[in-house]
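Asker: See entry-v2.cif below, with mmCIF, C-alpha atoms.
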data_model
loop_
_atom_site.group_PDB
_atom_site.id
_atom_site.type_symbol
_atom_site.label_atom_id
_atom_site.label_comp_id
_atom_site.auth_asym_id
_atom_site.auth_seq_id
_atom_site.Cartn_x
_atom_site.Cartn_y
_atom_site.Cartn_z
ATOM 1 C CA MET A 1249 99.922 84.123 83.263
ATOM 2 C CA SER A 1250 97.105 86.232 81.871
ATOM 3 C CA ALA A 1251 96.908 89.229 79.552
ATOM 4 C CA PRO A 1252 98.908 92.394 80.327
ATOM 5 C CA SER A 1253 95.792 94.211 81.513
ATOM 6 C CA GLY A 1254 95.146 91.521 84.112
ATOM 7 C CA GLN A 1255 98.800 91.695 85.131
ATOM 8 C CA ASP A 1256 98.481 95.440 85.626
ATOM 9 C CA ARG A 1257 95.334 95.108 87.677
ATOM 10 C CA ARG A 1258 96.995 92.598 89.985
ATOM 11 C CA GLY A 1259 100.034 94.832 90.292
ATOM 12 C CA GLU A 1260 97.732 97.697 91.229
ATOM 13 C CA ALA A 1261 96.103 95.474 93.878
ATOM 14 C CA VAL A 1262 99.521 94.874 95.444
ATOM 15 C CA ARG A 1263 100.644 98.484 95.645
ATOM 16 C CA SER A 1264 97.465 100.422 96.450
ATOM 17 C CA GLY A 1265 95.691 100.715 99.784
ATOM 18 C CA PRO A 1266 97.449 98.897 102.639
ATOM 19 C CA GLY A 1267 100.256 98.139 100.170
ATOM 20 C CA ARG A 1268 101.216 101.829 100.373
ATOM 21 C CA VAL A 1269 101.870 101.519 104.081
ATOM 22 C CA LEU A 1270 103.991 98.408 103.482
ATOM 23 C CA VAL A 1271 106.008 100.228 100.813
ATOM 24 C CA ALA A 1272 106.590 103.120 103.235
ATOM 25 C CA VAL A 1273 107.709 100.870 106.078
ATOM 26 C CA TYR A 1274 109.949 98.777 103.806
ATOM 27 C CA GLY A 1275 111.387 101.958 102.306
ATOM 28 C CA ILE A 1276 112.365 103.191 105.757
ATOM 29 C CA PHE A 1277 113.925 99.842 106.648
ATOM 30 C CA ALA A 1278 115.770 99.708 103.334
ATOM 31 C CA LEU A 1279 117.226 103.137 104.022
ATOM 32 C CA ALA A 1280 118.017 102.409 107.671
ATOM 33 C CA ALA A 1281 119.560 98.964 107.148
ATOM 34 C CA THR A 1282 121.684 99.807 104.103
ATOM 35 C CA SER A 1283 122.983 103.102 105.467
ATOM 36 C CA ARG A 1284 123.758 101.490 108.815
ATOM 37 C CA ALA A 1285 125.593 98.631 107.108
ATOM 38 C CA ALA A 1286 127.480 101.064 104.841
ATOM 39 C CA VAL A 1287 128.724 103.026 107.856
ATOM 40 C CA GLN A 1288 129.661 99.860 109.744
ATOM 41 C CA ILE A 1289 131.513 98.279 106.822
ATOM 42 C CA ALA A 1290 133.286 101.514 105.915
ATOM 43 C CA THR A 1291 134.438 102.400 109.428
ATOM 44 C CA ARG A 1292 134.960 99.172 111.415
ATOM 45 C CA PHE A 1293 134.485 96.090 109.266
ATOM 46 C CA ALA A 1294 137.060 94.041 111.194
ATOM 47 C CA GLU A 1295 135.121 94.222 114.462
ATOM 48 C CA ALA A 1296 132.286 91.956 113.332
ATOM 49 C CA PRO A 1297 132.517 91.050 109.638
ATOM 50 C CA LEU A 1298 129.705 88.461 109.786
ATOM 51 C CA ALA A 1299 127.239 90.804 111.473
ATOM 52 C CA TYR A 1300 128.017 93.656 109.077
ATOM 53 C CA VAL A 1301 127.749 91.500 105.960
ATOM 54 C CA LEU A 1302 124.387 90.248 107.231
ATOM 55 C CA SER A 1303 123.279 93.845 107.852
ATOM 56 C CA ALA A 1304 124.161 94.686 104.271
ATOM 57 C CA PHE A 1305 122.328 91.587 103.014
ATOM 58 C CA ALA A 1306 119.244 92.579 105.040
ATOM 59 C CA GLY A 1307 119.445 96.036 103.499
ATOM 60 C CA VAL A 1308 119.523 94.573 99.981
ATOM 61 C CA VAL A 1309 116.500 92.358 100.744
ATOM 62 C CA TYR A 1310 114.599 95.413 102.002
ATOM 63 C CA ILE A 1311 115.506 97.392 98.870
ATOM 64 C CA VAL A 1312 114.293 94.546 96.620
ATOM 65 C CA LEU A 1313 111.040 94.354 98.592
ATOM 66 C CA THR A 1314 110.451 98.096 98.504
ATOM 67 C CA VAL A 1315 110.883 98.191 94.721
ATOM 68 C CA ALA A 1316 108.889 94.988 94.123
ATOM 69 C CA LEU A 1317 105.968 96.198 96.254
ATOM 70 C CA ALA A 1318 106.041 99.692 94.772
ATOM 71 C CA ARG A 1319 105.963 98.247 91.246
ATOM 72 C CA GLY A 1320 103.429 95.566 92.113
ATOM 73 C CA ALA A 1321 105.778 92.668 91.231
ATOM 74 C CA ARG A 1322 104.038 90.082 93.344
ATOM 75 C CA ARG A 1323 106.246 87.037 92.700
ATOM 76 C CA VAL A 1324 109.484 88.868 93.434
ATOM 77 C CA ALA A 1325 107.892 90.358 96.545
ATOM 78 C CA VAL A 1326 106.738 86.953 97.821
ATOM 79 C CA ALA A 1327 110.197 85.462 97.236
ATOM 80 C CA ALA A 1328 111.892 88.370 99.001
ATOM 81 C CA CYS A 1329 109.449 88.129 101.915
ATOM 82 C CA LEU A 1330 110.331 84.437 102.319
ATOM 83 C CA VAL A 1331 114.064 85.255 102.238
ATOM 84 C CA GLU A 1332 113.443 87.982 104.792
ATOM 85 C CA LEU A 1333 111.470 85.664 107.080
ATOM 86 C CA ALA A 1334 114.146 82.957 106.821
ATOM 87 C CA GLY A 1335 116.836 85.582 107.475
ATOM 88 C CA VAL A 1336 115.245 87.011 110.585
ATOM 89 C CA LEU A 1337 114.553 83.527 112.011
ATOM 90 C CA VAL A 1338 118.044 82.150 111.272
ATOM 91 C CA VAL A 1339 119.962 85.244 112.326
ATOM 92 C CA GLY A 1340 117.703 85.739 115.346
ATOM 93 C CA THR A 1341 118.336 82.177 116.519
ATOM 94 C CA LEU A 1342 122.091 82.326 115.813
ATOM 95 C CA SER A 1343 122.462 85.639 117.630
ATOM 96 C CA LEU A 1344 120.897 84.110 120.737
ATOM 97 C CA ALA A 1345 122.719 80.754 120.449
ATOM 98 C CA ASP A 1346 126.162 82.199 119.673
ATOM 99 C CA PRO A 1347 126.316 85.833 120.825
ATOM 100 C CA ALA A 1348 130.102 85.848 120.293
ATOM 101 C CA ALA A 1349 129.590 85.772 116.510
ATOM 102 C CA PHE A 1350 127.426 88.892 116.774
ATOM 103 C CA PRO A 1351 129.260 91.331 119.056
ATOM 104 C CA GLN A 1352 127.529 94.143 117.162
ATOM 105 C CA ALA A 1353 123.814 94.042 116.577
ATOM 106 C CA THR A 1354 122.301 93.611 113.106
ATOM 107 C CA VAL A 1355 118.761 94.447 112.085
ATOM 108 C CA TRP A 1356 117.851 90.794 112.517
ATOM 109 C CA SER A 1357 119.651 90.063 115.841
ATOM 110 C CA GLY A 1358 117.356 88.756 118.581
ATOM 111 C CA TYR A 1359 114.563 88.493 115.986
ATOM 112 C CA GLY A 1360 114.725 92.262 115.444
ATOM 113 C CA SER A 1361 114.350 93.126 119.135
ATOM 114 C CA GLY A 1362 116.349 96.330 118.595
ATOM 115 C CA TYR A 1363 113.676 97.464 116.132
ATOM 116 C CA LEU A 1364 110.576 96.675 118.224
ATOM 117 C CA PHE A 1365 110.371 93.258 116.486
ATOM 118 C CA VAL A 1366 109.196 95.040 113.339
ATOM 119 C CA PRO A 1367 111.675 92.976 111.202
ATOM 120 C CA LEU A 1368 109.938 89.797 112.430
ATOM 121 C CA ALA A 1369 106.393 91.097 111.904
ATOM 122 C CA LEU A 1370 107.025 92.686 108.481
ATOM 123 C CA PRO A 1371 107.559 89.530 106.368
ATOM 124 C CA VAL A 1372 104.517 87.879 107.970
ATOM 125 C CA ILE A 1373 102.320 90.924 107.289
ATOM 126 C CA GLY A 1374 103.838 91.210 103.816
ATOM 127 C CA LEU A 1375 103.091 87.565 102.962
ATOM 128 C CA LEU A 1376 99.545 87.831 104.326
ATOM 129 C CA TRP A 1377 98.953 90.919 102.195
ATOM 130 C CA LEU A 1378 100.485 89.428 99.034
ATOM 131 C CA LEU A 1379 98.768 86.047 99.326
ATOM 132 C CA ARG A 1380 95.396 87.491 100.265
ATOM 133 C CA GLY A 1381 95.530 89.372 96.966
ATOM 134 C CA VAL A 1382 96.289 86.113 95.109
ATOM 135 C CA ARG A 1383 93.236 84.382 96.506
ATOM 136 C CA ARG A 1384 91.021 87.350 95.641
ATOM 137 C CA SER A 1385 92.199 87.541 92.020
ATOM 138 C CA MET B 1353 121.313 119.545 120.361
ATOM 139 C CA ASN B 1354 118.995 120.238 123.244
ATOM 140 C CA GLY B 1355 117.566 117.263 125.165
ATOM 141 C CA ALA B 1356 114.396 119.063 126.261
ATOM 142 C CA TYR B 1357 113.678 120.375 122.756
ATOM 143 C CA SER B 1358 114.185 116.932 121.214
ATOM 144 C CA GLY B 1359 112.043 115.404 123.948
ATOM 145 C CA TRP B 1360 109.185 117.718 123.014
ATOM 146 C CA LEU B 1361 109.787 116.918 119.345
ATOM 147 C CA ILE B 1362 109.482 113.190 120.054
ATOM 148 C CA GLY B 1363 106.246 113.795 121.972
ATOM 149 C CA ALA B 1364 104.834 115.942 119.155
ATOM 150 C CA ALA B 1365 105.781 113.374 116.490
ATOM 151 C CA LEU B 1366 104.145 110.582 118.524
ATOM 152 C CA LEU B 1367 101.016 112.721 118.896
ATOM 153 C CA LEU B 1368 100.965 113.285 115.133
ATOM 154 C CA ALA B 1369 101.377 109.526 114.582
ATOM 155 C CA LEU B 1370 98.390 108.963 116.886
ATOM 156 C CA VAL B 1371 96.308 111.500 114.922
ATOM 157 C CA GLY B 1372 97.322 109.649 111.746
ATOM 158 C CA VAL B 1373 96.204 106.301 113.215
ATOM 159 C CA VAL B 1374 92.885 107.808 114.399
ATOM 160 C CA THR B 1375 92.336 109.358 110.958
ATOM 161 C CA ALA B 1376 93.058 106.010 109.277
ATOM 162 C CA VAL B 1377 90.743 104.147 111.663
ATOM 163 C CA ARG B 1378 87.992 106.681 110.909
ATOM 164 C CA ASP B 1379 88.587 105.915 107.203
ATOM 165 C CA ARG B 1380 89.563 109.479 106.253
ATOM 166 C CA PRO B 1381 92.336 110.689 103.928
ATOM 167 C CA MET B 1382 94.866 113.315 104.988
ATOM 168 C CA GLY B 1383 93.055 116.527 106.049
ATOM 169 C CA PRO B 1384 94.254 120.013 107.021
ATOM 170 C CA VAL B 1385 95.157 118.881 110.544
ATOM 171 C CA LEU B 1386 97.593 116.200 109.363
ATOM 172 C CA LEU B 1387 98.965 118.497 106.655
ATOM 173 C CA ALA B 1388 99.594 121.325 109.145
ATOM 174 C CA GLY B 1389 101.019 118.853 111.656
ATOM 175 C CA LEU B 1390 103.524 117.529 109.114
ATOM 176 C CA GLY B 1391 104.448 121.093 108.134
ATOM 177 C CA LEU B 1392 105.130 122.034 111.762
ATOM 178 C CA LEU B 1393 107.035 118.789 112.311
ATOM 179 C CA GLU B 1394 109.254 119.613 109.329
ATOM 180 C CA LEU B 1395 110.015 123.089 110.729
ATOM 181 C CA ALA B 1396 110.818 121.518 114.112
ATOM 182 C CA VAL B 1397 113.204 118.905 112.663
ATOM 183 C CA LEU B 1398 114.903 121.557 110.499
ATOM 184 C CA ALA B 1399 115.544 123.640 113.630
ATOM 185 C CA GLN B 1400 116.840 120.530 115.401
ATOM 186 C CA ALA B 1401 119.130 119.732 112.463
ATOM 187 C CA GLY B 1402 120.478 123.286 112.702
ATOM 188 C CA PHE B 1403 121.303 122.947 116.415
ATOM 189 C CA ALA B 1404 122.747 119.471 115.904
ATOM 190 C CA LEU B 1405 125.027 120.418 112.999
ATOM 191 C CA ALA B 1406 126.248 123.468 114.920
ATOM 192 C CA GLY B 1407 127.463 121.122 117.675
ATOM 193 C CA LEU B 1408 128.618 118.255 115.469
ATOM 194 C CA GLY B 1409 132.087 118.192 117.027
ATOM 195 C CA HIS B 1410 130.411 116.839 120.154
ATOM 196 C CA VAL B 1411 129.348 113.578 118.456
ATOM 197 C CA ALA B 1412 131.583 110.517 118.064
ATOM 198 C CA GLU B 1413 129.601 108.669 115.355
ATOM 199 C CA LYS B 1414 129.324 111.508 112.867
ATOM 200 C CA ALA B 1415 128.260 109.545 109.774
ATOM 201 C CA THR B 1416 125.427 107.736 111.540
ATOM 202 C CA PHE B 1417 124.336 110.941 113.241
ATOM 203 C CA ILE B 1418 124.167 112.878 109.964
ATOM 204 C CA GLY B 1419 122.299 109.950 108.377
ATOM 205 C CA TYR B 1420 119.580 110.102 111.018
ATOM 206 C CA LEU B 1421 119.429 113.907 110.773
ATOM 207 C CA ALA B 1422 118.925 113.673 107.014
ATOM 208 C CA GLY B 1423 116.244 111.028 107.571
ATOM 209 C CA THR B 1424 114.233 113.213 109.941
ATOM 210 C CA VAL B 1425 114.376 116.153 107.506
ATOM 211 C CA VAL B 1426 113.376 114.118 104.423
ATOM 212 C CA ILE B 1427 110.538 112.068 105.920
ATOM 213 C CA PRO B 1428 107.815 114.724 106.616
ATOM 214 C CA PRO B 1429 107.815 116.130 103.027
ATOM 215 C CA ALA B 1430 107.727 112.551 101.679
ATOM 216 C CA ALA B 1431 104.732 111.853 103.934
ATOM 217 C CA ILE B 1432 102.935 114.982 102.639
ATOM 218 C CA TRP B 1433 103.570 113.884 99.061
ATOM 219 C CA TRP B 1434 102.282 110.390 99.851
ATOM 220 C CA GLY B 1435 99.237 111.680 101.732
ATOM 221 C CA ARG B 1436 98.265 113.741 98.683
ATOM 222 C CA ALA B 1437 98.855 110.850 96.259
ATOM 223 C CA GLU B 1438 96.863 108.251 98.209
ATOM 224 C CA ARG B 1439 93.567 109.932 99.111
ATOM 225 C CA THR B 1440 92.320 107.079 101.290
ATOM 226 C CA ARG B 1441 92.745 105.965 104.892
ATOM 227 C CA TRP B 1442 96.002 104.310 103.852
ATOM 228 C CA GLY B 1443 97.522 107.697 103.051
ATOM 229 C CA SER B 1444 96.834 108.601 106.687
ATOM 230 C CA GLY B 1445 98.404 105.287 107.689
ATOM 231 C CA VAL B 1446 101.594 106.171 105.823
ATOM 232 C CA ILE B 1447 101.656 109.514 107.677
ATOM 233 C CA ALA B 1448 101.318 107.696 111.006
ATOM 234 C CA VAL B 1449 104.286 105.472 110.084
ATOM 235 C CA ALA B 1450 106.314 108.500 108.982
ATOM 236 C CA ALA B 1451 105.638 110.491 112.165
ATOM 237 C CA PHE B 1452 106.483 107.475 114.314
ATOM 238 C CA THR B 1453 109.743 107.038 112.387
ATOM 239 C CA VAL B 1454 110.686 110.669 113.023
ATOM 240 C CA ALA B 1455 110.080 110.082 116.747
ATOM 241 C CA VAL B 1456 112.281 106.954 116.775
ATOM 242 C CA MET B 1457 115.033 108.616 114.733
ATOM 243 C CA THR B 1458 115.037 111.628 117.058
ATOM 244 C CA GLY B 1459 115.390 109.211 119.965
ATOM 245 C CA ARG B 1460 118.418 107.594 118.279
ATOM 246 C CA LEU B 1461 119.872 111.065 117.612
ATOM 247 C CA LEU B 1462 119.606 111.867 121.322
ATOM 248 C CA GLN B 1463 121.312 108.570 122.220
ATOM 249 C CA LEU B 1464 124.210 109.276 119.825
ATOM 250 C CA TRP B 1465 124.464 112.848 121.134
ATOM 251 C CA ASN B 1466 124.522 111.771 124.776
ATOM 252 C CA ALA B 1467 127.011 108.973 124.047
ATOM 253 C CA GLY B 1468 129.430 111.566 122.682
ATOM 254 C CA ALA B 1469 129.222 113.721 125.824
#
Represent the structure of the file as structure tokens.

Answerer:
Amino acid sequence: MSAPSGQDRRGEAVRSGPGRVLVAVYGIFALAATSRAAVQIATRFAEAPLAYVLSAFAGVVYIVLTVALARGARRVAVAACLVELAGVLVVGTLSLADPAAFPQATVWSGYGSGYLFVPLALPVIGLLWLLRGVRRS
Amino acid sequence: MNGAYSGWLIGAALLLALVGVVTAVRDRPMGPVLLAGLGLLELAVLAQAGFALAGLGHVAEKATFIGYLAGTVVIPPAAIWWGRAERTRWGSGVIAVAAFTVAVMTGRLLQLWNAGA
């Protein structure tokens, strides 16, 4: 790792420009997923505990990503993007293979089909953005 | 909540999102048109929130409904703040995302409202 000034410059490269749009989109998803999960867990947890816990987990991942991108913490952001990608692929596949386990939709059900597939596209775009910056610096 | 009013609001928010995309593609920061559009959008969602809260008894999923209402009211001012902070095409991109989100959230509000009927 290089001097603090270099660290700052790379952080700036992550959060400025297109990074702003990513932060905004992740912020919205963080808000949407966590508040949805909070309502579901508070009011009807017994209906679909697995789906609601996964919703909450997705919300936490989105919060971590929003903060990491906004602060320019590239490594945390890359790790969270990978977790997010794995999550959407695993949950998407499970929700199609075993719909009984997911009677209520989560953000990641059907690869995010309830959210215009944005949850599937976001980690890919996020990784492209983060890794492009690495190559440049 | 009034279906026709919210329908117009969704159309207006989508139009504003389109203007934001066009502005970003033309490589311009937020200008007076986007600023005024966001201001009008905020007034429109505040009016909608007023109608919706007045008829809250009608809705089954109150917590979710209020969450979406709060989202629509908070997003346009946040987009204005962001558009002023990032004076590049990406500020306009954030505004496009924000306007689109308001349209989607208003759509979800209508669904929740109609489900309660």

Asker: I need the contact residues of chain B against chain A, so if you could list those with any atom within 10 Å, counting only C-alpha atoms, and return them as a PDB file with C-alpha atoms, in the coordinates of the input, that would help.

Answerer:
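For reference, result_38.pdb as written:
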ATOM      1  CA  GLU B1413     129.601 108.669 115.355  1.00  0.00           C
ATOM      2  CA  LYS B1414     129.324 111.508 112.867  1.00  0.00           C
ATOM      3  CA  ALA B1415     128.260 109.545 109.774  1.00  0.00           C
ATOM      4  CA  THR B1416     125.427 107.736 111.540  1.00  0.00           C
ATOM      5  CA  GLY B1419     122.299 109.950 108.377  1.00  0.00           C
ATOM      6  CA  TYR B1420     119.580 110.102 111.018  1.00  0.00           C
ATOM      7  CA  GLY B1423     116.244 111.028 107.571  1.00  0.00           C
ATOM      8  CA  ILE B1427     110.538 112.068 105.920  1.00  0.00           C
ATOM      9  CA  ALA B1430     107.727 112.551 101.679  1.00  0.00           C
ATOM     10  CA  ALA B1431     104.732 111.853 103.934  1.00  0.00           C
ATOM     11  CA  TRP B1434     102.282 110.390  99.851  1.00  0.00           C
ATOM     12  CA  GLU B1438      96.863 108.251  98.209  1.00  0.00           C
ATOM     13  CA  ARG B1439      93.567 109.932  99.111  1.00  0.00           C
ATOM     14  CA  THR B1440      92.320 107.079 101.290  1.00  0.00           C
ATOM     15  CA  ARG B1441      92.745 105.965 104.892  1.00  0.00           C
ATOM     16  CA  TRP B1442      96.002 104.310 103.852  1.00  0.00           C
ATOM     17  CA  GLY B1443      97.522 107.697 103.051  1.00  0.00           C
ATOM     18  CA  SER B1444      96.834 108.601 106.687  1.00  0.00           C
ATOM     19  CA  GLY B1445      98.404 105.287 107.689  1.00  0.00           C
ATOM     20  CA  VAL B1446     101.594 106.171 105.823  1.00  0.00           C
ATOM     21  CA  ILE B1447     101.656 109.514 107.677  1.00  0.00           C
ATOM     22  CA  ALA B1448     101.318 107.696 111.006  1.00  0.00           C
ATOM     23  CA  VAL B1449     104.286 105.472 110.084  1.00  0.00           C
ATOM     24  CA  ALA B1450     106.314 108.500 108.982  1.00  0.00           C
ATOM     25  CA  THR B1453     109.743 107.038 112.387  1.00  0.00           C
ATOM     26  CA  VAL B1456     112.281 106.954 116.775  1.00  0.00           C
ATOM     27  CA  MET B1457     115.033 108.616 114.733  1.00  0.00           C
TER      28      MET B1457
END

Asker: Ranking A:Ala1325, A:Ala1294, A:Val1331, A:Leu1344 by minimum distance to Leu1376 in chain A and counting all atoms listed in the file, which one comes first?

Answerer: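 For Leu1376 in chain A, the nearest of the given residues is A:Ala1325.
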
Asker: Got a sec to resolve the PyMOL selection byres ((chain B and resi 1355-1368) around 8) on this structure and send the residues as a PyMOL selection string?

Answerer: chain B and resi 1353-1354+1369-1372+1386+1389-1390+1393+1396-1397+1400+1448+1451-1452+1454-1456+1458-1459+1462

Asker: Calculated over all atoms listed in the file, which of the candidates A:Ala1304, A:Leu1370, A:Ala1261, A:Leu1379 has the smallest distance to Arg1323 in chain A?

Answerer: A:Leu1379

Asker: Just give me the gap between CA of Gly1409 in chain B and CA of Thr1282 in chain A in Å, one decimal is fine.

Answerer: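 A separation of 24.8 Å between them.
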
Asker: Report the distance between CA of Gly1374 in chain A and CA of Leu1421 in chain B in Å, rounded to one decimal place.

Answerer: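 These two atoms are separated by 28.4 Å.
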
Asker: Record the distance separating CA of Leu1364 in chain A and CA of Ala1348 in chain A, expressed in Å with one decimal.

Answerer: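 Pair CA of Leu1364 in chain A / CA of Ala1348 in chain A returns 22.4 Å.
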
Asker: Quick check on the file I pasted: which residues fall under the PyMOL selection byres ((chain A and resi 1296-1300) around 6)? Write them as a list in words.

Answerer: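 This file gives the following for the PyMOL selection byres ((chain A and resi 1296-1300) around 6): Ala1285, Phe1293, Ala1294, Glu1295, Val1301, Leu1302, Ser1303, Phe1350 and Thr1354 of chain A.
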
Asker: List the residues sitting within 6 Å of (116.7, 86.1, 113.4) in the file's frame, using all atoms listed in the file, as a PyMOL selection string.

Answerer: chain A and resi 1335-1341+1356-1359

Asker: How about saving the chosen residues, C-alpha atoms kept, as a compact mmCIF listing (two decimals), in the coordinates of the input?

Answerer:
# COMPACT_ATOMS: atom_id res chain seq x y z
CA GLY A 1335 116.84 85.58 107.48
CA VAL A 1336 115.24 87.01 110.58
CA LEU A 1337 114.55 83.53 112.01
CA VAL A 1338 118.04 82.15 111.27
CA VAL A 1339 119.96 85.24 112.33
CA GLY A 1340 117.70 85.74 115.35
CA THR A 1341 118.34 82.18 116.52
CA TRP A 1356 117.85 90.79 112.52
CA SER A 1357 119.65 90.06 115.84
CA GLY A 1358 117.36 88.76 118.58
CA TYR A 1359 114.56 88.49 115.99

Asker: Give me the result of the PyMOL selection byres ((chain B and resi 1468) around 10) on this file, residue by residue, as a list in words.

Answerer: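 So the PyMOL selection byres ((chain B and resi 1468) around 10) ends up selecting Leu1408, Gly1409, His1410, Val1411, Ala1412, Glu1413, Lys1414, Leu1462, Gln1463, Leu1464, Trp1465, Asn1466, Ala1467 and Ala1469 of chain B.
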